[in-house]
Amino acid sequence: MYPKEEREELLKIARDSIKSFLTTKKPPRIETKNPKLKEKRGVFVTLKKGKALRGCIGFIEPIFPLYHAISECAISAATKDIRFPPVTVEELPKITIEISVLSPTKKVASIDEIKMGVHGVVIKKGFNQGIFLPQVAKEAGWNKEEFLSHLCSGKAGLPPDAWKDKDTEIYIFTVEKFENAD
């Protein structure tokens, strides 16, 4: 768990990174003195304008220190999510930033292990892979089978029922999610 001060620092890093990149076209130099924020963690940064998704980019695996990963993901969510035009400097004050820090993934033997609204899911088959955060199913109003079908077809580039195949790997994870609107 990240206490309030750490959550605020991470949210500030995300917002400052986006603002800096939008105004200078260069990633900012971000530092932290907090050793916990230097731990390598998987993370996603989601941007919303009102209730509408505006960008979402992340790292499933713990490749970078958390503070650095958040900076990278925030900039990418604002400028490189191909589903949306880049966020503008004028738009930024209206953007809510949501950070989801991921637990390590765990392979499941059965979809019965997936707890809707608690677990995010990664689907892997061959070279195809897709991920949904835990909150996606709730926001979309999907049941487990719909969640997995949309993950296969909408994210992993697989047929909707690929999650039923023996050679499809399913992984679960949890997130610690926090957000701000300013």
# chains A, B, ... in the order shown; residues from 1 in each chain; ligands from 1

call {"tool": "select_by_dssp", "arguments": {"residues": "segment 20-146 of chain A", "states": "helix (DSSP H, G or I)", "output": "ChimeraX atom specification"}}
result
/A:20-24,35-38,66-79,92-94,111-113,135-140,144-146

call {"tool": "select_by_dssp", "arguments": {"residues": "segment 45-158 of chain A", "states": "strand (DSSP E or B)", "output": "ChimeraX atom specification"}}
result
/A:45-49,52-59,65,95-102,106-107,120-125,128-132

call {"tool": "residues_around", "arguments": {"residues": "Ser149 of chain A", "least_positions_apart": "5", "cutoff": "8 Å", "atoms": "only C-alpha atoms", "output": "list in words"}}
result
Pro159, Pro160, Asp161, Ala162 and Trp163 of chain A

call {"tool": "residues_around", "arguments": {"residues": "Leu102 of chain A", "least_positions_apart": "4", "cutoff": "6 Å", "atoms": "only C-alpha atoms", "output": "number ranges by chain"}}
result
A: 42-43, 174-175

call {"tool": "atom_distance", "arguments": {"atom1": "atom CA of Leu10 of chain A", "atom2": "atom CA of Cys56 of chain A"}}
result
16.1 Å

call {"tool": "residues_around", "arguments": {"residues": "Leu158 of chain A", "least_positions_apart": "4", "cutoff": "12 Å", "atoms": "only C-alpha atoms", "output": "list in words"}}
result
Ile123, Lys124, Lys125, Gly126, Phe127, Asn128, Gln129, Gly130, Leu148, Ser149, His150, Leu151, Cys152, Ser153, Gly154, Ala162, Trp163, Lys164, Asp165 and Thr168 of chain A

call {"tool": "residues_around", "arguments": {"residues": "Leu92 of chain A", "least_positions_apart": "2", "cutoff": "12 Å", "atoms": "only C-alpha atoms", "output": "JSON, numbers by chain"}}
result
{"A": [14, 15, 16, 17, 18, 19, 20, 21, 22, 23, 47, 48, 49, 50, 54, 74, 75, 78, 79, 86, 87, 88, 89, 90, 94, 95, 96, 97, 181, 182]}

call {"tool": "write_last_selection", "arguments": {"atoms": "C-alpha atoms", "output": "compact mmCIF listing (two decimals), in the first residue's frame"}}
result
# COMPACT_ATOMS: atom_id res chain seq x y z
CA ALA A 14 2.54 11.87 -13.86
CA ARG A 15 0.94 15.30 -14.31
CA ASP A 16 4.26 17.18 -14.33
CA SER A 17 5.68 14.72 -16.88
CA ILE A 18 2.76 15.25 -19.25
CA LYS A 19 2.83 19.02 -18.84
CA SER A 20 6.59 19.20 -19.37
CA PHE A 21 6.47 17.00 -22.46
CA LEU A 22 3.54 18.88 -24.00
CA THR A 23 5.32 22.22 -23.57
CA LEU A 47 -6.25 9.43 -18.53
CA LYS A 48 -9.92 10.38 -18.48
CA LYS A 49 -11.81 13.49 -19.47
CA GLY A 50 -15.02 13.33 -17.49
CA ARG A 54 -8.58 9.68 -23.09
CA ALA A 74 1.85 9.23 -18.44
CA ILE A 75 3.59 10.84 -21.42
CA ALA A 78 -1.18 11.53 -23.36
CA THR A 79 0.63 11.45 -26.69
CA PRO A 86 -2.77 13.66 -28.35
CA VAL A 87 -3.83 15.53 -25.22
CA THR A 88 -3.30 19.28 -25.52
CA VAL A 89 -1.85 21.66 -22.92
CA GLU A 90 -5.23 23.42 -22.78
CA LYS A 94 -9.63 18.77 -17.38
CA ILE A 95 -7.83 15.40 -17.37
CA THR A 96 -8.10 12.97 -14.45
CA ILE A 97 -5.00 10.84 -13.96
CA ALA A 181 -8.35 15.40 -11.12
CA ASP A 182 -6.04 18.39 -10.90

call {"tool": "residues_around", "arguments": {"residues": "Asp112 of chain A", "least_positions_apart": "6", "cutoff": "12 Å", "atoms": "only C-alpha atoms", "output": "PDB file with C-alpha atoms, in the first residue's frame"}}
result
ATOM      1  CA  HIS A 119      -8.223  -9.283 -10.779  1.00  0.00           C
ATOM      2  CA  LYS A 144     -16.425 -13.054 -16.803  1.00  0.00           C
ATOM      3  CA  GLU A 145     -16.970 -14.693 -20.195  1.00  0.00           C
ATOM      4  CA  ILE A 170      -4.257 -16.740 -18.603  1.00  0.00           C
ATOM      5  CA  ILE A 172      -4.189 -12.643 -13.090  1.00  0.00           C
TER       6      ILE A 172
END

call {"tool": "closest_residue", "arguments": {"among": "A:Phe178, A:Phe173, A:Phe132, A:Phe84", "to": "Ile114 of chain A", "atoms": "only C-alpha atoms"}}
result
A:Phe173

call {"tool": "atom_distance", "arguments": {"atom1": "atom CA of Lys40 of chain A", "atom2": "atom CA of Pro62 of chain A"}}
result
4.9 Å

call {"tool": "closest_residue", "arguments": {"among": "A:Val136, A:Ile57, A:Val108, A:Ala156", "to": "Ser71 of chain A", "atoms": "only C-alpha atoms"}}
result
A:Ile57

call {"tool": "closest_residue", "arguments": {"among": "A:Ile82, A:Arg7, A:Phe44, A:Glu39", "to": "Phe64 of chain A", "atoms": "only C-alpha atoms"}}
result
A:Glu39

call {"tool": "atom_distance", "arguments": {"atom1": "atom CA of Thr105 of chain A", "atom2": "atom CA of Val118 of chain A"}}
result
13.1 Å

call {"tool": "closest_residue", "arguments": {"among": "A:Lys106, A:Gly120, A:Lys138, A:Lys80", "to": "Glu176 of chain A", "atoms": "only C-alpha atoms"}}
result
A:Gly120

call {"tool": "closest_residue", "arguments": {"among": "A:Ser100, A:Thr24, A:Glu113, A:Glu5", "to": "Thr46 of chain A", "atoms": "only C-alpha atoms"}}
result
A:Ser100

call {"tool": "closest_residue", "arguments": {"among": "A:Asp81, A:Lys25, A:Lys166, A:Tyr171", "to": "Lys115 of chain A", "atoms": "only C-alpha atoms"}}
result
A:Tyr171
